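The next block is final06.cif, given as mmCIF, C-alpha atoms.
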data_structure
loop_
_atom_site.label_atom_id
_atom_site.label_comp_id
_atom_site.auth_asym_id
_atom_site.auth_seq_id
_atom_site.Cartn_x
_atom_site.Cartn_y
_atom_site.Cartn_z
CA MET A 1419 0.00 0.00 0.00
CA ARG A 1420 1.26 3.44 -0.93
CA THR A 1421 0.86 5.87 1.98
CA VAL A 1422 1.00 9.65 1.55
CA LEU A 1423 1.12 11.78 4.71
CA VAL A 1424 0.09 15.38 4.04
CA THR A 1425 1.11 18.24 6.31
CA GLY A 1426 2.31 21.83 6.25
CA PRO A 1427 2.20 25.11 8.20
CA GLY A 1428 -1.20 25.88 9.71
CA GLY A 1429 -3.70 27.55 7.41
CA ALA A 1430 -1.91 26.51 4.21
CA GLY A 1431 -4.77 24.35 2.92
CA ARG A 1432 -3.29 20.95 3.71
CA THR A 1433 -6.72 19.29 4.11
CA THR A 1434 -7.73 20.48 0.65
CA VAL A 1435 -4.47 19.23 -0.86
CA ALA A 1436 -4.87 15.87 0.92
CA ALA A 1437 -8.34 15.47 -0.58
CA ALA A 1438 -7.09 16.52 -4.04
CA THR A 1439 -4.18 14.05 -3.76
CA ALA A 1440 -6.58 11.23 -2.90
CA LEU A 1441 -8.85 12.16 -5.82
CA ALA A 1442 -5.88 12.18 -8.23
CA ALA A 1443 -4.80 8.72 -7.02
CA ALA A 1444 -8.35 7.38 -7.50
CA ASP A 1445 -8.61 8.92 -10.97
CA ARG A 1446 -5.41 7.08 -11.92
CA GLY A 1447 -7.10 3.80 -11.03
CA SER A 1448 -5.90 3.22 -7.46
CA ARG A 1449 -8.41 2.19 -4.80
CA THR A 1450 -7.86 5.03 -2.33
CA LEU A 1451 -8.78 5.82 1.26
CA LEU A 1452 -8.64 9.39 2.62
CA LEU A 1453 -8.30 9.86 6.40
CA SER A 1454 -8.98 13.28 7.87
CA ALA A 1455 -9.85 14.72 11.26
CA GLU A 1456 -10.93 18.00 9.66
CA ALA A 1457 -14.23 18.60 7.89
CA ILE A 1458 -13.90 18.80 4.10
CA PRO A 1459 -16.42 21.21 2.50
CA GLY A 1460 -18.89 19.34 0.34
CA PHE A 1461 -17.96 15.92 1.76
CA PRO A 1462 -19.91 13.82 4.31
CA ALA A 1463 -18.53 13.63 7.85
CA ALA A 1464 -19.23 9.92 8.49
CA THR A 1465 -16.75 8.04 10.67
CA GLY A 1466 -17.05 4.90 8.53
CA PRO A 1467 -15.79 4.49 4.95
CA THR A 1468 -17.96 6.71 2.76
CA PRO A 1469 -17.67 6.79 -1.06
CA LEU A 1470 -16.73 10.23 -2.42
CA ALA A 1471 -15.97 9.31 -6.01
CA ASP A 1472 -15.17 6.25 -8.09
CA ARG A 1473 -12.53 4.21 -6.17
CA LEU A 1474 -12.29 6.90 -3.43
CA ASP A 1475 -13.54 6.46 0.15
CA HIS A 1476 -13.30 8.88 3.05
CA VAL A 1477 -13.16 8.31 6.83
CA ARG A 1478 -13.62 11.18 9.27
CA ILE A 1479 -11.65 10.63 12.49
CA ASP A 1480 -13.81 11.38 15.55
CA SER A 1481 -11.40 11.76 18.47
CA GLY A 1482 -14.23 12.19 21.01
CA GLU A 1483 -15.84 8.90 20.03
CA HIS A 1484 -12.48 7.13 20.18
CA PHE A 1485 -11.68 8.56 23.64
CA ARG A 1486 -15.01 7.42 25.07
CA ALA A 1487 -14.65 3.93 23.61
CA GLU A 1488 -11.09 3.50 24.91
CA LEU A 1489 -11.89 4.70 28.44
CA THR A 1490 -15.02 2.57 28.61
CA GLU A 1491 -12.99 -0.50 27.60
CA LEU A 1492 -10.34 0.33 30.21
CA GLN A 1493 -13.01 0.56 32.93
CA ASN A 1494 -14.39 -2.82 31.90
CA ARG A 1495 -10.96 -4.49 32.00
CA ALA A 1496 -10.14 -2.93 35.37
CA SER A 1497 -13.57 -3.64 36.84
CA GLY A 1498 -12.16 -5.88 39.59
CA VAL A 1499 -9.77 -3.22 40.85
CA LEU A 1500 -12.38 -0.47 40.60
CA ASP A 1501 -14.96 -2.50 42.51
CA LEU A 1502 -12.37 -3.31 45.18
CA LEU A 1503 -11.67 0.40 45.62
CA GLY A 1504 -15.33 1.31 45.55
CA ALA A 1505 -14.78 3.62 42.58
CA GLY A 1506 -17.76 4.93 40.66
CA ARG A 1507 -17.94 4.18 36.94
CA LEU A 1508 -17.99 6.98 34.38
CA ASP A 1509 -20.75 6.84 31.77
CA GLY A 1510 -19.93 7.51 28.13
CA GLU A 1511 -22.20 10.57 28.08
CA GLU A 1512 -20.17 12.32 30.80
CA LEU A 1513 -16.74 11.66 29.27
CA THR A 1514 -15.05 14.67 27.71
CA GLU A 1515 -11.91 14.01 25.69
CA LEU A 1516 -8.60 15.14 27.13
CA PRO A 1517 -5.65 16.88 25.43
CA GLY A 1518 -3.80 14.41 23.24
CA SER A 1519 -6.94 12.49 22.28
CA PRO A 1520 -6.87 13.60 18.60
CA GLN A 1521 -3.32 12.28 18.20
CA LEU A 1522 -4.18 8.90 19.75
CA ALA A 1523 -7.35 8.64 17.64
CA LEU A 1524 -5.31 9.25 14.48
CA LEU A 1525 -2.77 6.58 15.46
CA HIS A 1526 -5.62 4.14 16.14
CA THR A 1527 -7.12 4.82 12.71
CA LEU A 1528 -3.72 4.37 11.05
CA ARG A 1529 -3.46 0.98 12.75
CA ARG A 1530 -6.88 0.04 11.35
CA ALA A 1531 -5.70 1.10 7.90
CA ALA A 1532 -2.49 -0.92 8.27
CA GLU A 1533 -3.97 -4.23 9.40
CA GLY A 1534 -7.55 -3.74 10.57
CA ASP A 1535 -10.99 -3.26 9.06
CA LEU A 1536 -9.80 -0.33 6.92
CA SER A 1537 -7.06 -2.28 5.13
CA GLY A 1538 -7.23 -3.49 1.54
CA TYR A 1539 -6.69 -0.17 -0.26
CA ASP A 1540 -3.97 0.53 -2.82
CA THR A 1541 -3.33 4.10 -1.64
CA LEU A 1542 -3.79 5.70 1.78
CA VAL A 1543 -3.79 9.51 2.03
CA VAL A 1544 -3.66 10.95 5.55
CA ASP A 1545 -4.42 14.56 6.43
CA LEU A 1546 -2.04 15.23 9.31
CA PRO A 1547 -2.05 18.14 11.81
CA PRO A 1548 0.13 21.23 11.18
CA LEU A 1549 3.81 20.62 10.50
CA THR A 1550 5.44 20.70 13.95
CA GLU A 1551 2.57 18.74 15.52
CA ALA A 1552 2.68 16.23 12.66
CA LEU A 1553 6.37 15.46 13.15
CA ALA A 1554 5.80 14.96 16.88
CA LEU A 1555 2.84 12.68 16.07
CA LEU A 1556 4.88 10.55 13.66
CA ALA A 1557 7.51 10.06 16.38
CA LEU A 1558 4.88 9.11 18.98
CA PRO A 1559 4.59 5.33 18.27
CA GLU A 1560 8.32 4.85 18.78
CA GLN A 1561 8.26 6.92 21.98
CA LEU A 1562 5.20 5.19 23.46
CA ARG A 1563 6.67 1.74 22.77
CA ARG A 1564 9.82 2.81 24.60
CA TYR A 1565 7.75 3.98 27.60
CA LEU A 1566 5.90 0.66 27.69
CA ARG A 1567 9.16 -1.31 27.63
CA ARG A 1568 10.54 0.76 30.51
CA LEU A 1569 7.41 0.70 32.68
CA LEU A 1570 6.34 -2.90 32.03
CA PRO A 1571 9.33 -4.91 30.80
CA ALA A 1572 8.27 -8.08 29.01
CA GLU A 1573 10.76 -10.19 30.98
CA ARG A 1574 8.84 -9.52 34.19
CA GLN A 1575 5.96 -11.57 32.84
CA ALA A 1576 8.11 -14.68 33.35
CA ALA A 1577 7.65 -14.26 37.12
CA ARG A 1578 3.85 -14.69 37.05
CA ALA A 1579 3.94 -17.66 39.43
CA LEU A 1580 6.03 -15.68 41.93
CA ARG A 1581 3.74 -12.67 42.08
CA PRO A 1582 1.78 -13.77 45.17
CA VAL A 1583 5.04 -14.42 47.03
CA LEU A 1584 6.57 -11.15 45.87
CA ALA A 1585 3.45 -9.28 46.87
CA GLN A 1586 3.69 -10.69 50.42
CA LEU A 1587 7.40 -9.87 50.67
CA ALA A 1588 7.02 -6.36 49.31
CA GLY A 1589 3.78 -5.63 51.07
CA VAL A 1590 2.25 -4.13 47.94
CA PRO A 1591 0.12 -5.71 45.22
CA MET A 1592 1.95 -6.74 42.02
CA PRO A 1593 0.67 -5.68 38.59
CA ALA A 1594 -2.19 -7.87 37.44
CA GLN A 1595 -1.91 -10.07 34.35
CA TRP A 1596 -4.48 -7.97 32.49
CA LEU A 1597 -2.12 -5.01 32.72
CA TYR A 1598 0.66 -6.92 30.96
CA GLU A 1599 -1.79 -8.20 28.39
CA ALA A 1600 -3.06 -4.68 27.73
CA ALA A 1601 0.51 -3.39 27.39
CA ALA A 1602 1.38 -6.19 24.94
CA ARG A 1603 -1.74 -5.45 22.89
CA LYS A 1604 -0.95 -1.73 22.74
CA ASP A 1605 2.66 -2.48 21.80
CA GLU A 1606 1.46 -4.60 18.86
CA GLU A 1607 -0.86 -1.80 17.70
CA LEU A 1608 1.89 0.82 17.98
CA ALA A 1609 4.34 -1.48 16.19
CA ALA A 1610 1.92 -1.72 13.25
CA VAL A 1611 1.64 2.07 13.03
CA GLN A 1612 5.42 2.51 13.37
CA ALA A 1613 5.94 -0.02 10.57
CA LEU A 1614 3.51 1.93 8.37
CA ILE A 1615 5.30 5.23 9.03
CA GLU A 1616 8.74 3.72 8.42
CA ASP A 1617 7.71 1.68 5.38
CA GLU A 1618 9.63 2.41 2.18
CA ALA A 1619 6.29 3.01 0.42
CA THR A 1620 5.41 5.90 2.77
CA THR A 1621 6.18 9.51 1.86
CA LEU A 1622 5.26 12.99 3.05
CA ARG A 1623 3.66 15.67 0.94
CA LEU A 1624 4.28 19.21 2.20
CA VAL A 1625 1.81 22.06 1.67
CA ALA A 1626 2.69 25.73 2.12
CA GLU A 1627 1.36 29.07 0.92
CA PRO A 1628 4.31 31.03 -0.54
CA GLY A 1629 5.55 33.71 1.85
CA PRO A 1630 8.26 34.50 4.44
CA ALA A 1631 6.55 32.56 7.25
CA ALA A 1632 6.28 29.44 5.11
CA GLU A 1633 9.96 29.68 4.13
CA ASP A 1634 11.00 29.68 7.79
CA ALA A 1635 8.65 26.78 8.61
CA LEU A 1636 9.95 24.65 5.73
CA ARG A 1637 13.56 25.37 6.66
CA THR A 1638 12.85 24.09 10.17
CA ALA A 1639 10.87 21.14 8.83
CA ARG A 1640 13.81 19.87 6.80
CA THR A 1641 15.71 19.34 10.05
CA GLY A 1642 12.80 17.55 11.71
CA LEU A 1643 12.26 15.28 8.73
CA ALA A 1644 15.95 14.32 8.64
CA LEU A 1645 16.02 13.66 12.40
CA HIS A 1646 13.24 11.08 12.05
CA GLY A 1647 14.45 9.67 8.72
CA LEU A 1648 11.35 10.82 6.81
CA THR A 1649 11.21 11.68 3.10
CA ALA A 1650 9.05 14.28 1.35
CA ASP A 1651 8.11 13.60 -2.28
CA LEU A 1652 6.47 16.90 -3.21
CA LEU A 1653 6.01 20.48 -2.03
CA VAL A 1654 2.63 21.92 -3.01
CA ALA A 1655 2.64 25.72 -3.17
CA SER A 1656 -1.00 26.48 -2.42
CA ARG A 1657 -3.19 29.46 -3.33
CA VAL A 1658 -0.79 30.83 -5.94
CA LEU A 1659 -2.08 34.14 -7.33
CA PRO A 1660 -1.96 35.10 -11.02
CA ARG A 1661 1.40 36.64 -11.93
CA HIS A 1662 0.11 39.80 -13.59
CA SER A 1663 -2.56 42.23 -12.44
CA SER A 1664 -3.38 45.90 -13.00
CA ASP A 1665 -4.36 46.28 -9.34
CA PRO A 1666 -1.27 47.56 -7.42
CA TRP A 1667 -2.30 45.93 -4.12
CA PHE A 1668 -3.00 42.58 -5.78
CA ALA A 1669 0.19 42.80 -7.86
CA ALA A 1670 2.28 43.39 -4.72
CA LEU A 1671 0.95 40.19 -3.12
CA ALA A 1672 1.59 38.20 -6.29
CA ALA A 1673 5.15 39.60 -6.54
CA ARG A 1674 5.91 38.53 -2.97
CA GLN A 1675 4.63 35.04 -3.74
CA GLU A 1676 6.68 34.91 -6.94
CA LYS A 1677 9.87 35.82 -5.07
CA CYS A 1678 9.29 33.01 -2.58
CA LEU A 1679 8.48 30.53 -5.36
CA ASP A 1680 11.72 31.41 -7.14
CA HIS A 1681 13.63 30.53 -3.96
CA TRP A 1682 11.80 27.21 -3.65
CA HIS A 1683 12.42 26.26 -7.26
CA GLN A 1684 16.13 27.12 -6.96
CA ASP A 1685 16.85 25.69 -3.49
CA LEU A 1686 14.42 22.78 -3.16
CA ALA A 1687 13.49 21.63 -6.67
CA PRO A 1688 16.69 19.57 -7.20
CA VAL A 1689 15.68 17.24 -4.33
CA LEU A 1690 12.03 18.16 -3.74
CA PRO A 1691 9.72 18.91 -6.72
CA VAL A 1692 7.52 21.99 -6.33
CA HIS A 1693 3.95 22.04 -7.68
CA GLU A 1694 2.06 25.33 -7.89
CA ALA A 1695 -1.67 25.07 -7.17
CA ALA A 1696 -3.55 28.10 -8.43
CA HIS A 1697 -5.87 30.14 -6.20
CA LEU A 1698 -9.44 29.43 -7.31
CA GLY A 1699 -10.74 32.74 -5.98
CA ARG A 1700 -12.84 30.86 -3.42
CA ASP A 1701 -12.55 28.00 -0.96
CA PRO A 1702 -12.58 24.68 -2.87
CA GLU A 1703 -15.76 22.69 -2.35
CA GLY A 1704 -16.56 19.37 -3.91
CA VAL A 1705 -14.86 17.05 -6.35
CA ASP A 1706 -14.82 19.46 -9.30
CA ASP A 1707 -12.96 22.17 -7.36
CA LEU A 1708 -10.42 19.62 -6.11
CA ALA A 1709 -9.79 18.41 -9.66
CA ALA A 1710 -9.26 22.03 -10.78
CA LEU A 1711 -6.21 22.27 -8.47
CA GLU A 1712 -4.46 19.67 -10.69
CA ILE A 1713 -2.59 18.11 -7.76
CA PRO A 1714 -0.46 15.23 -9.11
CA ALA A 1715 -1.13 11.69 -7.95
CA PRO A 1716 1.55 9.97 -5.85
CA ASP A 1717 4.32 8.59 -8.02
CA GLU A 1718 4.65 4.86 -7.43
CA ARG A 1719 8.32 5.05 -8.46
CA THR A 1720 9.23 7.66 -5.85
CA PRO A 1721 11.06 5.92 -2.99
CA GLY A 1722 9.95 6.60 0.56
CA ARG A 1723 12.04 6.07 3.65
CA ALA A 1724 15.46 4.80 2.62
CA GLY A 1725 16.10 2.91 5.86
CA ASP A 1726 18.32 3.87 8.77
CA PRO A 1727 19.62 7.42 8.09
CA TRP A 1728 22.66 6.91 10.37
CA TRP A 1729 26.01 5.70 9.09
CA THR A 1730 29.48 5.23 10.61
CA GLU A 1731 32.91 6.49 9.57
CA GLU A 1732 36.27 5.52 11.05
CA GLU A 1733 38.62 8.39 11.78
CA GLN A 1734 42.26 8.40 12.92
CA ASP A 1735 44.03 11.22 14.68
CA ALA A 1736 47.13 12.27 12.69
CA ASP A 1737 49.08 13.19 15.84
CA ASP A 1738 48.69 10.24 18.20
CA GLY A 1739 47.06 7.67 15.91
CA THR A 1740 43.98 7.34 18.13
CA THR A 1741 41.08 5.70 16.30
CA THR A 1742 37.58 7.07 16.72
CA ILE A 1743 34.31 6.05 15.12
CA ALA A 1744 31.96 8.80 13.96
CA TRP A 1745 28.22 8.05 14.03
CA CYS A 1746 26.77 10.39 11.40
CA LEU A 1747 23.30 11.80 10.73
CA PRO A 1748 22.37 14.39 8.08
CA LEU A 1749 20.63 17.38 9.68
CA PRO A 1750 20.13 20.02 6.95
CA GLY A 1751 19.24 23.44 8.33
CA ALA A 1752 20.29 22.62 11.90
CA ALA A 1753 22.14 25.22 13.97
CA LYS A 1754 24.74 24.40 16.63
CA GLU A 1755 23.05 26.56 19.24
CA ASP A 1756 19.81 24.55 18.84
CA LEU A 1757 21.52 21.16 19.17
CA ARG A 1758 21.72 19.21 22.43
CA LEU A 1759 22.95 15.63 22.92
CA VAL A 1760 22.89 13.45 26.02
CA ARG A 1761 24.01 9.83 26.26
CA ARG A 1762 22.13 7.70 28.76
CA GLY A 1763 23.18 4.08 28.81
CA ASP A 1764 22.64 2.59 25.37
CA GLU A 1765 20.57 5.53 24.16
CA LEU A 1766 21.31 8.94 22.69
CA LEU A 1767 18.91 11.77 23.48
CA LEU A 1768 18.80 14.27 20.61
CA THR A 1769 17.21 17.72 20.62
CA VAL A 1770 17.33 19.88 17.50
CA GLY A 1771 15.29 23.06 17.91
CA PRO A 1772 11.68 22.01 18.62
CA PHE A 1773 12.31 18.37 17.67
CA HIS A 1774 13.28 15.54 20.02
CA ARG A 1775 14.24 11.93 19.46
CA ILE A 1776 15.73 9.13 21.52
CA VAL A 1777 17.72 6.64 19.44
CA ARG A 1778 19.33 3.39 20.46
CA ILE A 1779 23.07 3.47 19.84
CA ALA A 1780 24.43 0.98 17.33
CA SER A 1781 25.52 -2.25 19.05
CA ALA A 1782 29.25 -1.89 18.30
CA LEU A 1783 29.27 1.68 19.63
CA ARG A 1784 27.75 0.74 22.98
CA ARG A 1785 31.19 -0.50 24.02
CA CYS A 1786 32.66 2.95 23.32
CA THR A 1787 32.73 6.24 25.17
CA VAL A 1788 31.54 9.46 23.57
CA SER A 1789 34.58 11.65 22.91
CA GLY A 1790 32.87 14.57 21.19
CA ALA A 1791 30.41 15.76 18.57
CA ALA A 1792 30.42 18.25 15.74
CA LEU A 1793 27.92 19.72 13.29
CA ALA A 1794 29.44 20.70 9.94
CA ASP A 1795 28.04 20.99 6.42
CA GLY A 1796 24.62 19.85 7.61
CA VAL A 1797 25.90 16.57 9.09
CA LEU A 1798 26.04 15.68 12.79
CA ARG A 1799 29.02 13.52 13.74
CA VAL A 1800 29.08 11.95 17.20
CA ARG A 1801 32.57 10.59 17.90
CA PHE A 1802 33.03 7.37 19.87
CA THR A 1803 36.32 6.06 21.25
CA PRO A 1804 36.62 2.31 21.94
CA ASP A 1805 36.74 1.53 25.66
CA PRO A 1806 39.86 -0.62 26.30
CA ALA A 1807 38.08 -2.38 29.14
CA LEU A 1808 35.34 -3.61 26.81
CA TRP A 1809 37.20 -4.13 23.53
CA PRO A 1810 39.47 -7.20 23.16
CA ARG A 1811 43.21 -6.51 22.91
CA THR A 1812 44.82 -7.08 19.51
CA SER A 1813 48.35 -8.16 18.75
#

Step by step, read the file and then write its structure as structure tokens.
Amino acid sequence: MRTVLVTGPGGAGRTTVAAATALAAADRGSRTLLLSAEAIPGFPAATGPTPLADRLDHVRIDSGEHFRAELTELQNRASGVLDLLGAGRLDGEELTELPGSPQLALLHTLRRAAEGDLSGYDTLVVDLPPLTEALALLALPEQLRRYLRRLLPAERQAARALRPVLAQLAGVPMPAQWLYEAAARKDEELAAVQALIEDEATTLRLVAEPGPAAEDALRTARTGLALHGLTADLLVASRVLPRHSSDPWFAALAARQEKCLDHWHQDLAPVLPVHEAAHLGRDPEGVDDLAALEIPAPDERTPGRAGDPWWTEEEQDADDGTTTIAWCLPLPGAAKEDLRLVRRGDELLLTVGPFHRIVRIASALRRCTVSGAALADGVLRVRFTPDPALWPRTS
């Protein structure tokens, strides 16, 4: 399945471009599913697959409905504990979704599209939140799986028979089996979403309205994409005004857009194609308006994620002959003052501006000590020196 994740700075028309992308894929003959949490003018808002056009279905993500269903299921599974504590149950009608619910609802729907009741499509087009939120969302499955492994390690399940004894010795109740089962189930769901995001058939499509603010947002986004090993296949310049006008005010806006577009075509076009979508003079509504934007369908030949973005290089000091191993990651657009690195055990905690990621250090490098780091020419190099106490001596 080809997956296209659509995002961009807020207010750039990403939902419209996502719908137009899905329509283009369906017109090319691909059975397509469009996922969106936002209302699309002229389209039904049903939460189940609803036909929009030939070979095109749409699912509206209802985060409130998902939150109520998840919390109700949790109450049912924990009924024994709740009854023991004398806790009162919460009815579905009184449940109000909490912050973070839209992100979890989107991940749940992606899991359904990957291996659940929404699977079976040739192309999946996902309308993501605004750019910074979208990158944080795409990193969430990996982060949540890490939290689950730390809080409820799988190896502790081997001590099920000892739990009553341990509970008496410790004087506190041990986690119930249902908790481990729930954690394992959630880990499987998150693993399916993570596999979808990291699949080589998954790409991002960026949407931005030409202007200074969009230029800054895209410059920052390049760093976030590289940090998470994500690939963009197209930049859609939305709401592009006609180039020539006799109205001075209108002409000034068009000239500012044209200047920004020239920068994009010169700086980005060699690695990221730029498509200009004309301003229709109104908000697009319905299939005909989406087709008028002439958004290209996803190219099946365009590669997605190329695998692990890290690589290693061996370096030798010319003065004392000391050998170090550099663990390298491309970070275009990153600035040294926005970069922070912390090693904790076998993990490296990376912060680049507003983006964060925790990566597991390559197995051979875990026996080394970090001797420094440098950012040059858009590449981060973390230098490791072999620890003599852990590396075997050589003749």

Using only the atoms of range 1529-1544 of chain A listed in the file, plus 4 Å on each side, state the axis-aligned box centre and edge lengths in Å rounded to one decimal, as JSON.
{"center_x": -6.7, "center_y": 3.4, "center_z": 5.0, "size_x": 16.5, "size_y": 23.2, "size_z": 23.6}

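Reported to one decimal place, the separation of CA of Ala1438 in chain A from CA of Asp1707 in chain A is 8.8 Å.
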
- Compare A:Ala1695, A:Ala1669, A:Val1477, A:Val1544 by their minimum atom-to-atom distance to Ala1709 in chain A, counting all atoms listed in the file, and give me the closest one. A:Ala1695

Mind checking which residues fall within 12 Å of Thr1468 in chain A, counting all atoms listed in the file, ignoring those fewer than 2 positions away in the same chain, and posting them as a PDB file with C-alpha atoms, in the frame of the given file?
ATOM      1  CA  THR A1450      -7.860   5.030  -2.330  1.00  0.00           C
ATOM      2  CA  LEU A1451      -8.780   5.820   1.260  1.00  0.00           C
ATOM      3  CA  LEU A1452      -8.640   9.390   2.620  1.00  0.00           C
ATOM      4  CA  LEU A1453      -8.300   9.860   6.400  1.00  0.00           C
ATOM      5  CA  PHE A1461     -17.960  15.920   1.760  1.00  0.00           C
ATOM      6  CA  PRO A1462     -19.910  13.820   4.310  1.00  0.00           C
ATOM      7  CA  ALA A1463     -18.530  13.630   7.850  1.00  0.00           C
ATOM      8  CA  ALA A1464     -19.230   9.920   8.490  1.00  0.00           C
ATOM      9  CA  THR A1465     -16.750   8.040  10.670  1.00  0.00           C
ATOM     10  CA  GLY A1466     -17.050   4.900   8.530  1.00  0.00           C
ATOM     11  CA  LEU A1470     -16.730  10.230  -2.420  1.00  0.00           C
ATOM     12  CA  ALA A1471     -15.970   9.310  -6.010  1.00  0.00           C
ATOM     13  CA  ASP A1472     -15.170   6.250  -8.090  1.00  0.00           C
ATOM     14  CA  ARG A1473     -12.530   4.210  -6.170  1.00  0.00           C
ATOM     15  CA  LEU A1474     -12.290   6.900  -3.430  1.00  0.00           C
ATOM     16  CA  ASP A1475     -13.540   6.460   0.150  1.00  0.00           C
ATOM     17  CA  HIS A1476     -13.300   8.880   3.050  1.00  0.00           C
ATOM     18  CA  VAL A1477     -13.160   8.310   6.830  1.00  0.00           C
ATOM     19  CA  ARG A1478     -13.620  11.180   9.270  1.00  0.00           C
ATOM     20  CA  LEU A1536      -9.800  -0.330   6.920  1.00  0.00           C
TER      21      LEU A1536
END

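With only C-alpha atoms as the atoms that count, the residue of A:Pro1691, A:Pro1666, A:Pro1469, A:Gly1642 with the shortest distance to Ala1752 in chain A is A:Gly1642.
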
- Task: Can you turn the PyMOL selection byres ((chain A and resi 1731-1734) around 8) into a concrete residue list for this file, as a PyMOL selection string?
- Result: chain A and resi 1729-1730+1735-1736+1739-1746

- Message: Going by the chain IDs and residue numbers used in this file, which residues fall under the PyMOL selection byres ((chain A and resi 1551) around 12)? Write them as a ChimeraX atom specification.
- Response: /A:1425-1428,1518,1520-1521,1546-1550,1552-1558,1639,1642,1772-1773

- CA of Ala1672 in chain A and CA of Leu1652 in chain A are how many Å apart? 22.1 Å

- Query: Hey, can you check how far CA of Glu1606 in chain A sits from CA of Ala1440 in chain A?
  - Reply: 28.1 Å

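The smallest atom-to-atom distance between Ala1430 in chain A and any of A:Val1654, A:Ala1442, A:Leu1566, A:Ala1610, using only C-alpha atoms, is found for A:Val1654.
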
- Task: Find, counting all atoms listed in the file, the residue in A:Ser1454, A:Asn1494, A:Gln1561, A:Thr1621 that gets nearest to Leu1653 in chain A.
- Result: A:Thr1621

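With distances restricted to all atoms listed in the file, A:Leu1708 is the closest residue to Gly1460 in chain A from A:Asp1805, A:Arg1420, A:Leu1708, A:Asp1764.
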
- Task: Compile the contact shell of Ala1791 in chain A as a ChimeraX atom specification: residues with an atom at most 6 Å away, counting all atoms listed in the file, same-chain residues fewer than 4 positions apart removed.
- Result: /A:1799-1801
